[in-house]
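Next up, model.txt (compact mmCIF, C-alpha atoms):
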# COMPACT_ATOMS: atom_id res chain seq x y z
CA MET G 1161 -23.12 -17.31 -32.60
CA LYS G 1162 -19.76 -17.50 -30.89
CA VAL G 1163 -20.91 -15.27 -28.03
CA LYS G 1164 -24.05 -17.32 -27.54
CA VAL G 1165 -22.11 -20.55 -27.24
CA VAL G 1166 -19.70 -19.04 -24.73
CA THR G 1167 -22.59 -17.64 -22.67
CA ASN G 1168 -24.27 -21.03 -22.56
CA ILE G 1169 -21.04 -22.69 -21.48
CA LEU G 1170 -20.57 -20.21 -18.65
CA LYS G 1171 -24.20 -20.56 -17.52
CA ALA G 1172 -23.95 -24.35 -17.46
CA ASN G 1173 -20.64 -24.04 -15.61
CA ALA G 1174 -22.21 -21.78 -12.96
CA ARG G 1175 -24.97 -24.29 -12.30
CA ILE G 1176 -22.54 -27.16 -11.84
CA ALA G 1177 -20.27 -24.99 -9.69
CA ASP G 1178 -23.20 -24.29 -7.38
CA ASP G 1179 -23.85 -28.03 -7.13
CA ASN G 1180 -20.20 -28.60 -6.22
CA ARG G 1181 -20.34 -25.86 -3.58
CA ARG G 1182 -23.50 -27.32 -2.04
CA LEU G 1183 -21.97 -30.80 -1.82
CA LEU G 1184 -18.71 -29.51 -0.35
CA HIS G 1185 -20.55 -27.42 2.26
CA GLU G 1186 -22.68 -30.42 3.24
CA LYS G 1187 -19.42 -32.19 3.99
CA GLY G 1188 -18.09 -29.20 5.96
CA ILE G 1189 -15.32 -28.58 3.43
CA ALA G 1190 -13.86 -25.16 2.60
CA THR G 1191 -12.48 -24.91 -0.92
CA VAL G 1192 -9.85 -22.64 -2.43
CA ASN G 1193 -9.18 -22.35 -6.17
CA LEU G 1194 -5.46 -21.59 -6.57
CA MET G 1195 -4.35 -19.95 -9.81
CA SER G 1196 -1.27 -18.39 -11.42
CA SER G 1197 0.92 -18.25 -14.51
CA PRO G 1198 2.96 -21.36 -15.24
CA GLY G 1199 5.79 -21.74 -12.77
CA ALA G 1200 4.75 -19.10 -10.24
CA GLY G 1201 5.08 -21.65 -7.44
CA LYS G 1202 1.60 -23.06 -6.76
CA THR G 1203 2.78 -26.60 -6.02
CA THR G 1204 5.76 -25.47 -3.93
CA LEU G 1205 3.42 -23.24 -1.90
CA LEU G 1206 0.85 -25.97 -1.50
CA ALA G 1207 3.41 -28.56 -0.40
CA ARG G 1208 4.85 -26.21 2.22
CA THR G 1209 1.38 -25.23 3.40
CA ILE G 1210 0.46 -28.89 3.88
CA ARG G 1211 3.69 -29.58 5.76
CA ASP G 1212 3.19 -26.57 8.04
CA LEU G 1213 -0.58 -26.89 8.69
CA GLY G 1214 -1.16 -30.60 8.11
CA ALA G 1215 -1.14 -31.42 11.84
CA ARG G 1216 -4.32 -29.39 12.43
CA ILE G 1217 -6.03 -29.18 9.03
CA ARG G 1218 -6.98 -32.21 6.93
CA PHE G 1219 -6.20 -31.29 3.34
CA GLY G 1220 -7.49 -32.66 0.08
CA VAL G 1221 -6.12 -31.59 -3.28
CA VAL G 1222 -7.31 -31.54 -6.89
CA GLU G 1223 -4.44 -31.05 -9.33
CA GLY G 1224 -5.23 -29.53 -12.71
CA ASP G 1225 -2.73 -29.95 -15.53
CA ILE G 1226 -2.86 -30.24 -19.28
CA GLN G 1227 -1.07 -33.55 -18.98
CA GLY G 1228 1.16 -35.45 -16.60
CA THR G 1229 1.01 -36.19 -12.88
CA HIS G 1230 4.16 -34.48 -11.58
CA ASP G 1231 2.41 -32.14 -9.12
CA ALA G 1232 -0.03 -34.78 -7.91
CA GLU G 1233 2.91 -37.03 -7.08
CA VAL G 1234 4.55 -34.26 -5.03
CA ILE G 1235 1.34 -33.85 -3.02
CA ALA G 1236 0.64 -37.58 -2.68
CA ALA G 1237 4.10 -38.03 -1.18
CA LEU G 1238 2.92 -35.84 1.72
CA GLY G 1239 0.20 -38.38 2.54
CA VAL G 1240 -2.65 -36.13 1.41
CA PRO G 1241 -5.53 -37.40 -0.77
CA VAL G 1242 -5.07 -35.98 -4.27
CA ILE G 1243 -6.82 -36.42 -7.61
CA GLN G 1244 -5.26 -35.42 -10.92
CA ILE G 1245 -7.37 -33.85 -13.66
CA ASN G 1246 -5.71 -33.80 -17.06
CA THR G 1247 -7.41 -31.35 -19.40
CA ALA G 1248 -5.81 -32.88 -22.53
CA GLY G 1249 -4.95 -29.48 -23.98
CA GLY G 1250 -7.60 -27.44 -22.17
CA CYS G 1251 -6.37 -24.18 -20.71
CA HIS G 1252 -8.42 -24.15 -17.48
CA LEU G 1253 -10.43 -26.34 -15.13
CA ASP G 1254 -14.21 -26.10 -15.24
CA ALA G 1255 -16.88 -27.07 -12.74
CA ASN G 1256 -17.80 -30.22 -14.61
CA MET G 1257 -14.24 -31.56 -14.43
CA VAL G 1258 -14.18 -30.94 -10.68
CA GLN G 1259 -17.62 -32.52 -10.20
CA SER G 1260 -16.45 -35.64 -11.98
CA VAL G 1261 -13.58 -36.24 -9.56
CA LEU G 1262 -15.16 -35.27 -6.22
CA PRO G 1263 -16.57 -38.81 -5.68
CA GLU G 1264 -13.01 -40.12 -5.79
CA LEU G 1265 -11.92 -38.03 -2.79
CA PRO G 1266 -12.60 -39.08 0.83
CA LEU G 1267 -14.79 -36.02 1.45
CA GLU G 1268 -15.74 -37.08 5.00
CA THR G 1269 -12.14 -36.63 6.12
CA ILE G 1270 -11.27 -33.32 4.41
CA ASP G 1271 -11.43 -29.87 6.01
CA LEU G 1272 -9.81 -27.84 3.28
CA LEU G 1273 -9.85 -28.70 -0.41
CA VAL G 1274 -7.31 -26.88 -2.56
CA ILE G 1275 -7.84 -26.98 -6.31
CA GLU G 1276 -4.63 -26.18 -8.15
CA ASN G 1277 -5.74 -24.86 -11.51
CA VAL G 1278 -3.91 -25.08 -14.85
CA GLY G 1279 -1.05 -22.57 -15.01
CA ASN G 1280 -2.60 -19.68 -16.92
CA LEU G 1281 -3.20 -16.10 -15.85
CA VAL G 1282 -6.17 -15.61 -18.19
CA CYS G 1283 -8.77 -18.32 -18.76
CA PRO G 1284 -9.09 -19.93 -15.29
CA ALA G 1285 -10.35 -16.63 -13.85
CA GLU G 1286 -13.59 -17.00 -15.82
CA PHE G 1287 -14.66 -20.40 -14.46
CA ASP G 1288 -16.26 -20.85 -11.04
CA LEU G 1289 -15.42 -24.37 -9.84
CA GLY G 1290 -17.58 -24.31 -6.71
CA GLU G 1291 -14.86 -22.86 -4.49
CA ASP G 1292 -15.39 -20.55 -1.51
CA ALA G 1293 -12.53 -18.28 -2.53
CA LYS G 1294 -10.08 -17.79 -5.34
CA ALA G 1295 -6.43 -17.13 -4.54
CA MET G 1296 -3.58 -16.38 -6.91
CA LEU G 1297 0.18 -16.31 -6.96
CA LEU G 1298 2.24 -13.81 -8.87
CA SER G 1299 5.95 -14.55 -9.05
CA ILE G 1300 7.93 -11.33 -8.83
CA THR G 1301 10.06 -12.67 -11.67
CA GLU G 1302 7.06 -12.02 -13.94
CA GLY G 1303 7.48 -8.28 -13.45
CA ASP G 1304 5.51 -5.51 -11.80
CA ASP G 1305 3.35 -4.74 -14.86
CA LYS G 1306 1.20 -7.85 -14.51
CA PRO G 1307 -1.81 -6.52 -12.52
CA LEU G 1308 -2.61 -3.97 -15.21
CA LYS G 1309 -2.07 -6.50 -18.02
CA TYR G 1310 -4.16 -9.32 -16.53
CA PRO G 1311 -6.77 -7.39 -14.53
CA ARG G 1312 -9.52 -9.96 -14.40
CA MET G 1313 -7.49 -12.49 -12.42
CA PHE G 1314 -6.58 -9.83 -9.86
CA ARG G 1315 -10.23 -8.72 -9.61
CA GLU G 1316 -11.61 -12.24 -9.14
CA CYS G 1317 -9.28 -13.25 -6.31
CA GLU G 1318 -9.61 -12.63 -2.59
CA ALA G 1319 -5.95 -13.28 -1.88
CA LEU G 1320 -2.75 -12.51 -3.80
CA LEU G 1321 0.51 -14.17 -2.87
CA VAL G 1322 3.41 -12.22 -4.33
CA ASN G 1323 5.86 -15.09 -4.45
CA LYS G 1324 9.63 -15.61 -4.82
CA ILE G 1325 10.50 -12.47 -2.83
CA ASP G 1326 13.82 -14.16 -2.05
CA LEU G 1327 14.80 -13.26 -5.63
CA ALA G 1328 13.99 -9.55 -5.24
CA PRO G 1329 17.65 -8.45 -4.84
CA HIS G 1330 18.41 -9.87 -8.30
CA LEU G 1331 15.46 -8.30 -10.17
CA ASP G 1332 14.35 -4.88 -11.40
CA VAL G 1333 10.89 -5.09 -9.93
CA SER G 1334 8.85 -2.95 -7.57
CA LEU G 1335 6.85 -4.80 -4.92
CA GLU G 1336 5.16 -1.48 -4.14
CA LYS G 1337 3.92 -1.14 -7.73
CA ILE G 1338 2.54 -4.68 -7.73
CA ARG G 1339 0.69 -4.03 -4.47
CA ALA G 1340 -0.61 -0.61 -5.50
CA ASP G 1341 -1.79 -1.72 -8.96
CA ALA G 1342 -3.40 -4.89 -7.60
CA LEU G 1343 -5.23 -2.95 -4.88
CA GLY G 1344 -6.25 -0.37 -7.46
CA LEU G 1345 -8.05 -3.14 -9.35
CA ASN G 1346 -9.40 -4.84 -6.24
CA PRO G 1347 -9.30 -2.79 -3.03
CA ALA G 1348 -10.45 -5.76 -0.89
CA LEU G 1349 -7.59 -7.99 -2.05
CA ARG G 1350 -5.45 -9.48 0.71
CA VAL G 1351 -1.81 -9.24 -0.40
CA PHE G 1352 0.88 -11.48 1.09
CA GLU G 1353 4.52 -11.10 0.08
CA VAL G 1354 6.04 -14.54 0.45
CA SER G 1355 8.68 -17.02 -0.58
CA ALA G 1356 7.24 -20.50 -0.84
CA ARG G 1357 10.82 -21.75 -1.12
CA THR G 1358 12.20 -20.15 2.07
CA GLY G 1359 8.92 -19.91 3.98
CA ALA G 1360 9.16 -16.14 4.42
CA GLY G 1361 5.91 -14.27 4.97
CA LEU G 1362 3.58 -17.26 5.01
CA GLU G 1363 1.94 -16.55 8.40
CA GLY G 1364 -0.65 -14.21 6.88
CA TRP G 1365 -1.56 -16.74 4.19
CA TYR G 1366 -1.93 -19.47 6.81
CA ALA G 1367 -4.21 -17.27 8.94
CA TRP G 1368 -6.27 -16.42 5.85
CA LEU G 1369 -6.66 -20.12 5.03
CA GLU G 1370 -7.65 -20.99 8.59
CA GLY G 1371 -10.27 -18.24 8.44
CA LYS G 1372 -11.91 -20.06 5.53
CA LEU G 1373 -12.47 -23.31 7.48
CA ARG G 1374 -16.15 -24.17 7.98
CA HIS G 1375 -15.95 -26.03 11.32
CA MET C 48 -21.69 -29.24 -30.33
CA LYS C 49 -18.74 -27.70 -28.53
CA VAL C 50 -16.23 -29.67 -30.58
CA LYS C 51 -17.94 -28.69 -33.81
CA VAL C 52 -17.83 -25.01 -32.98
CA VAL C 53 -14.16 -25.17 -32.04
CA THR C 54 -13.33 -27.01 -35.24
CA ASN C 55 -15.10 -24.40 -37.31
CA ILE C 56 -13.30 -21.60 -35.52
CA LEU C 57 -9.92 -23.22 -36.16
CA LYS C 58 -10.77 -23.86 -39.83
CA ALA C 59 -11.83 -20.27 -40.36
CA ASN C 60 -8.70 -19.13 -38.54
CA ALA C 61 -6.48 -21.23 -40.81
CA ARG C 62 -8.02 -19.68 -43.94
CA ILE C 63 -7.46 -16.14 -42.68
CA ALA C 64 -3.94 -17.02 -41.55
CA ASP C 65 -3.13 -18.20 -45.07
CA ASP C 66 -4.44 -14.88 -46.44
CA ASN C 67 -2.21 -13.01 -44.00
CA ARG C 68 0.81 -15.09 -44.99
CA ARG C 69 0.17 -14.49 -48.69
CA LEU C 70 -0.08 -10.73 -48.20
CA LEU C 71 3.04 -10.59 -46.03
CA HIS C 72 5.04 -12.64 -48.53
CA GLU C 73 3.91 -10.38 -51.39
CA LYS C 74 5.44 -7.54 -49.41
CA GLY C 75 8.64 -9.50 -48.80
CA ILE C 76 8.02 -9.65 -45.06
CA ALA C 77 9.11 -12.49 -42.79
CA THR C 78 6.90 -12.93 -39.73
CA VAL C 79 7.59 -14.46 -36.33
CA ASN C 80 4.90 -15.22 -33.74
CA LEU C 81 6.52 -14.79 -30.30
CA MET C 82 4.86 -16.54 -27.37
CA SER C 83 5.45 -17.29 -23.68
CA SER C 84 3.95 -17.27 -20.21
CA PRO C 85 3.25 -13.86 -18.70
CA GLY C 86 6.45 -12.13 -17.72
CA ALA C 87 8.93 -14.44 -19.44
CA GLY C 88 10.58 -11.46 -21.11
CA LYS C 89 9.10 -11.16 -24.62
CA THR C 90 9.10 -7.36 -24.68
CA THR C 91 12.55 -7.05 -23.14
CA LEU C 92 13.88 -9.51 -25.72
CA LEU C 93 12.16 -7.72 -28.57
CA ALA C 94 13.40 -4.29 -27.51
CA ARG C 95 16.99 -5.53 -27.28
CA THR C 96 16.71 -7.35 -30.59
CA ILE C 97 15.49 -4.17 -32.29
CA ARG C 98 18.30 -2.13 -30.74
CA ASP C 99 20.93 -4.67 -31.81
CA LEU C 100 19.64 -5.48 -35.32
CA GLY C 101 17.70 -2.32 -36.19
CA ALA C 102 20.53 -0.88 -38.29
CA ARG C 103 20.24 -3.69 -40.86
CA ILE C 104 16.70 -5.06 -40.44
CA ARG C 105 13.56 -2.94 -40.68
CA PHE C 106 11.23 -4.20 -37.96
CA GLY C 107 7.50 -3.95 -37.55
CA VAL C 108 5.67 -5.11 -34.44
CA VAL C 109 2.17 -6.20 -33.51
CA GLU C 110 1.63 -6.20 -29.74
CA GLY C 111 -1.06 -8.48 -28.33
CA ASP C 112 -2.39 -7.79 -24.85
CA ILE C 113 -5.64 -8.27 -23.02
CA GLN C 114 -5.67 -4.56 -22.30
CA GLY C 115 -3.26 -1.64 -22.05
CA THR C 116 -0.51 -0.31 -24.31
CA HIS C 117 2.56 -0.64 -22.06
CA ASP C 118 4.55 -2.90 -24.37
CA ALA C 119 3.59 -1.01 -27.53
CA GLU C 120 4.89 2.18 -25.95
CA VAL C 121 8.22 0.51 -25.17
CA ILE C 122 8.55 -0.55 -28.81
CA ALA C 123 7.30 2.75 -30.25
CA ALA C 124 9.99 4.57 -28.26
CA LEU C 125 12.56 2.68 -30.38
CA GLY C 126 11.18 4.30 -33.54
CA VAL C 127 9.67 1.09 -34.90
CA PRO C 128 6.14 0.93 -36.37
CA VAL C 129 3.92 -0.88 -33.87
CA ILE C 130 0.22 -1.66 -33.62
CA GLN C 131 -1.49 -2.69 -30.39
CA ILE C 132 -4.21 -5.33 -30.40
CA ASN C 133 -6.26 -5.47 -27.20
CA THR C 134 -8.18 -8.74 -26.94
CA ALA C 135 -10.53 -7.37 -24.23
CA GLY C 136 -10.25 -10.50 -22.13
CA GLY C 137 -9.29 -12.92 -24.90
CA CYS C 138 -6.45 -15.29 -24.05
CA HIS C 139 -4.70 -15.37 -27.45
CA LEU C 140 -4.40 -13.58 -30.76
CA ASP C 141 -6.14 -15.04 -33.80
CA ALA C 142 -5.59 -14.55 -37.52
CA ASN C 143 -8.59 -12.27 -37.87
CA MET C 144 -7.25 -9.84 -35.27
CA VAL C 145 -3.92 -9.70 -37.09
CA GLN C 146 -5.61 -9.28 -40.47
CA SER C 147 -7.57 -6.32 -39.14
CA VAL C 148 -4.44 -4.37 -38.15
CA LEU C 149 -2.09 -5.18 -41.06
CA PRO C 150 -3.42 -2.25 -43.17
CA GLU C 151 -2.32 0.10 -40.42
CA LEU C 152 1.34 -0.93 -40.70
CA PRO C 153 3.70 0.48 -43.38
CA LEU C 154 4.20 -2.96 -44.94
CA GLU C 155 6.37 -1.62 -47.80
CA THR C 156 9.09 -0.66 -45.32
CA ILE C 157 9.14 -3.75 -43.10
CA ASP C 158 11.53 -6.72 -43.45
CA LEU C 159 10.65 -8.58 -40.28
CA LEU C 160 7.29 -8.47 -38.52
CA VAL C 161 7.27 -9.73 -34.94
CA ILE C 162 3.88 -10.50 -33.42
CA GLU C 163 4.09 -10.54 -29.63
CA ASN C 164 1.22 -12.74 -28.51
CA VAL C 165 -0.78 -12.57 -25.29
CA GLY C 166 1.21 -13.98 -22.36
CA ASN C 167 -0.14 -17.52 -22.10
CA LEU C 168 1.65 -20.84 -22.50
CA VAL C 169 -1.49 -22.70 -23.63
CA CYS C 170 -4.04 -21.13 -26.00
CA PRO C 171 -1.82 -19.11 -28.38
CA ALA C 172 -0.14 -22.31 -29.58
CA GLU C 173 -3.37 -23.38 -31.30
CA PHE C 174 -3.82 -20.34 -33.53
CA ASP C 175 -1.88 -19.80 -36.74
CA LEU C 176 -1.66 -16.05 -37.34
CA GLY C 177 -0.02 -16.22 -40.75
CA GLU C 178 3.54 -16.28 -39.43
CA ASP C 179 6.50 -18.04 -41.02
CA ALA C 180 7.68 -19.40 -37.69
CA LYS C 181 6.66 -19.58 -34.08
CA ALA C 182 9.21 -18.86 -31.36
CA MET C 183 8.78 -19.07 -27.60
CA LEU C 184 10.49 -17.91 -24.46
CA LEU C 185 10.65 -19.92 -21.28
CA SER C 186 11.95 -18.07 -18.25
CA ILE C 187 14.10 -20.37 -16.12
CA THR C 188 12.26 -18.95 -13.10
CA GLU C 189 9.24 -20.96 -14.26
CA GLY C 190 11.05 -24.19 -13.48
CA ASP C 191 12.42 -27.10 -15.47
CA ASP C 192 9.15 -29.07 -15.49
CA LYS C 193 7.45 -26.83 -18.04
CA PRO C 194 8.14 -28.66 -21.34
CA LEU C 195 6.38 -31.79 -20.11
CA LYS C 196 3.47 -29.79 -18.64
CA TYR C 197 2.83 -27.57 -21.69
CA PRO C 198 3.94 -29.84 -24.53
CA ARG C 199 1.93 -28.32 -27.37
CA MET C 200 3.70 -24.96 -27.20
CA PHE C 201 7.10 -26.65 -27.33
CA ARG C 202 5.98 -28.82 -30.27
CA GLU C 203 4.61 -25.91 -32.30
CA CYS C 204 7.69 -23.70 -32.07
CA GLU C 205 10.82 -23.71 -34.20
CA ALA C 206 12.87 -21.79 -31.66
CA LEU C 207 12.98 -21.81 -27.86
CA LEU C 208 14.72 -19.03 -25.95
CA VAL C 209 15.46 -20.18 -22.43
CA ASN C 210 15.54 -16.74 -20.84
CA LYS C 211 16.81 -15.11 -17.62
CA ILE C 212 19.85 -17.38 -17.38
CA ASP C 213 21.48 -14.57 -15.36
CA LEU C 214 19.25 -15.75 -12.48
CA ALA C 215 20.42 -19.39 -12.67
CA PRO C 216 22.77 -19.15 -9.66
CA HIS C 217 19.78 -18.22 -7.46
CA LEU C 218 17.42 -20.99 -8.61
CA ASP C 219 16.98 -24.74 -8.24
CA VAL C 220 16.56 -25.40 -11.94
CA SER C 221 18.26 -27.61 -14.49
CA LEU C 222 18.96 -26.07 -17.90
CA GLU C 223 19.91 -29.55 -19.08
CA LYS C 224 16.48 -30.93 -18.16
CA ILE C 225 14.70 -28.08 -19.95
CA ARG C 226 16.76 -28.69 -23.07
CA ALA C 227 16.42 -32.47 -22.97
CA ASP C 228 12.67 -32.47 -22.34
CA ALA C 229 12.01 -29.79 -24.97
CA LEU C 230 14.07 -31.68 -27.56
CA GLY C 231 12.30 -34.88 -26.58
CA LEU C 232 9.01 -33.24 -27.57
CA ASN C 233 10.42 -31.54 -30.65
CA PRO C 234 13.78 -32.82 -31.89
CA ALA C 235 14.06 -30.05 -34.53
CA LEU C 236 13.69 -27.26 -31.95
CA ARG C 237 16.47 -24.68 -31.91
CA VAL C 238 17.30 -23.92 -28.27
CA PHE C 239 19.03 -20.69 -27.25
CA GLU C 240 19.99 -20.05 -23.63
CA VAL C 241 19.87 -16.28 -23.19
CA SER C 242 19.42 -13.33 -20.91
CA ALA C 243 17.40 -10.62 -22.61
CA ARG C 244 18.40 -8.34 -19.74
CA THR C 245 22.18 -8.79 -19.99
CA GLY C 246 22.35 -9.73 -23.68
CA ALA C 247 24.05 -13.06 -23.01
CA GLY C 248 23.62 -15.76 -25.65
CA LEU C 249 21.61 -13.73 -28.15
CA GLU C 250 23.92 -14.31 -31.17
CA GLY C 251 22.22 -17.58 -32.07
CA TRP C 252 18.77 -16.02 -31.87
CA TYR C 253 19.88 -13.15 -34.07
CA ALA C 254 21.30 -15.53 -36.68
CA TRP C 255 18.07 -17.55 -36.60
CA LEU C 256 16.03 -14.38 -37.16
CA GLU C 257 18.25 -13.27 -40.05
CA GLY C 258 17.81 -16.69 -41.61
CA LYS C 259 14.08 -16.04 -41.77
CA LEU C 260 14.38 -12.87 -43.88
CA ARG C 261 12.84 -13.16 -47.34
CA HIS C 262 15.07 -10.77 -49.30

Just give me the structure as structure tokens.
Amino acid sequence: MKVKVVTNILKANARIADDNRRLLHEKGIATVNLMSSPGAGKTTLLARTIRDLGARIRFGVVEGDIQGTHDAEVIAALGVPVIQINTAGGCHLDANMVQSVLPELPLETIDLLVIENVGNLVCPAEFDLGEDAKAMLLSITEGDDKPLKYPRMFRECEALLVNKIDLAPHLDVSLEKIRADALGLNPALRVFEVSARTGAGLEGWYAWLEGKLRH
Amino acid sequence: MKVKVVTNILKANARIADDNRRLLHEKGIATVNLMSSPGAGKTTLLARTIRDLGARIRFGVVEGDIQGTHDAEVIAALGVPVIQINTAGGCHLDANMVQSVLPELPLETIDLLVIENVGNLVCPAEFDLGEDAKAMLLSITEGDDKPLKYPRMFRECEALLVNKIDLAPHLDVSLEKIRADALGLNPALRVFEVSARTGAGLEGWYAWLEGKLRH
């Protein structure tokens, strides 16, 4: 019974995700679903990315949170169209939530839509939102054992940003182990070692994002 | 339909959790459900706690992970009985999973059972496992906005360990804001600022744990 319900939910989600993807492609929009544990730095990364690339890429943002509008306010202050989804306790975004807010975004003027998912290294990996690619952050403060403990997220993503490398001198963590274990799970994964706070290492991420643009 | 299924799952979970609690109390065991985001330091805290208190408290441990046995091996190396639950993708432990492994623990020789939940700041908060108290860690590297973004976890717990305070000089984070926002959500919350790595601030946590013992 439980399995059947979950299967039906995921099937319905996949159908709606495909509808989202079709609509976004009609508008020429590339979409990235950005995921991580709580506090790995998604919003800090996104704000810096918008500041650095905003002159040549028109961004739109969907912010997913259980409650509150803190991150959406950070993004709105950059002059970028942003819609907040509050899941009211839900642990991930799903395609239906995204579909419900797309009409509120000025889709004709967006090149790159970034969907910042709820902070959770487990559940969001299971739900296609209609994105072109999934990307994830792992803060090095979380430790180098995370790829092997949360394999699905690392398998689902095309890009991994290993964030907060400015803190490496103060931690007992191996960047080599993170990279090796992540690539062991997903050999095609693009791995970028970055600090969203200092800006270090972001060139590769920016080039990857620009490669996703559809026009 | 979806709501009904979820309600039934939570009702069934609550019944099994009560059975677990009854059994554990019959054995004189106090139980703590330990939760946090991935990489906040649950295992490091637990290992240090066992080393520091193991001479006067007999510990038992249930380790919850999506897959792997890394943490259980760390605990087993301390000579403490430990059982690994792998959720095979599941984002939280439930009472049924705990019930299924209790017979494998030497309950007659355990004073304090610690259940280390799956690393996730959302879903585990909803599931009573049969514990006497829930405790959580928040790593300060996750940022000071977390209480307001993940309120349920902070409301459900009796104790909050604000961990990795040794990294405070390298971060833009306010311990005062974490404390104030967490207490705003849950005025009865006991807040301990600690470093599981250095051992700083753990006296209060140890006293809290000892206060939970049932004999």

Residue neighbourhood Asp228 (chain C), 9 Å, only C-alpha atoms, exclusion window fewer than 2 positions, as a PyMOL selection string: chain C and resi 191-195+223-226+230-233

Closest to chain C among G:Arg1181, G:Lys1372, G:Arg1218, G:Lys1309, using all atoms listed in the file? G:Lys1309

Chain G residues near chain C (7 Å cut-off, all atoms listed in the file) as a count of residues only: 17

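The spacing separating CA of Gly248 (chain C) from CA of Ala180 (chain C) amounts to 20.3 Å.
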
Near Leu1320 (chain G), within 8 Å and counting all atoms listed in the file, which residues show up once chain neighbours fewer than 3 positions away are dropped, as a PyMOL selection string? chain G and resi 1295-1298+1314+1317+1349-1352
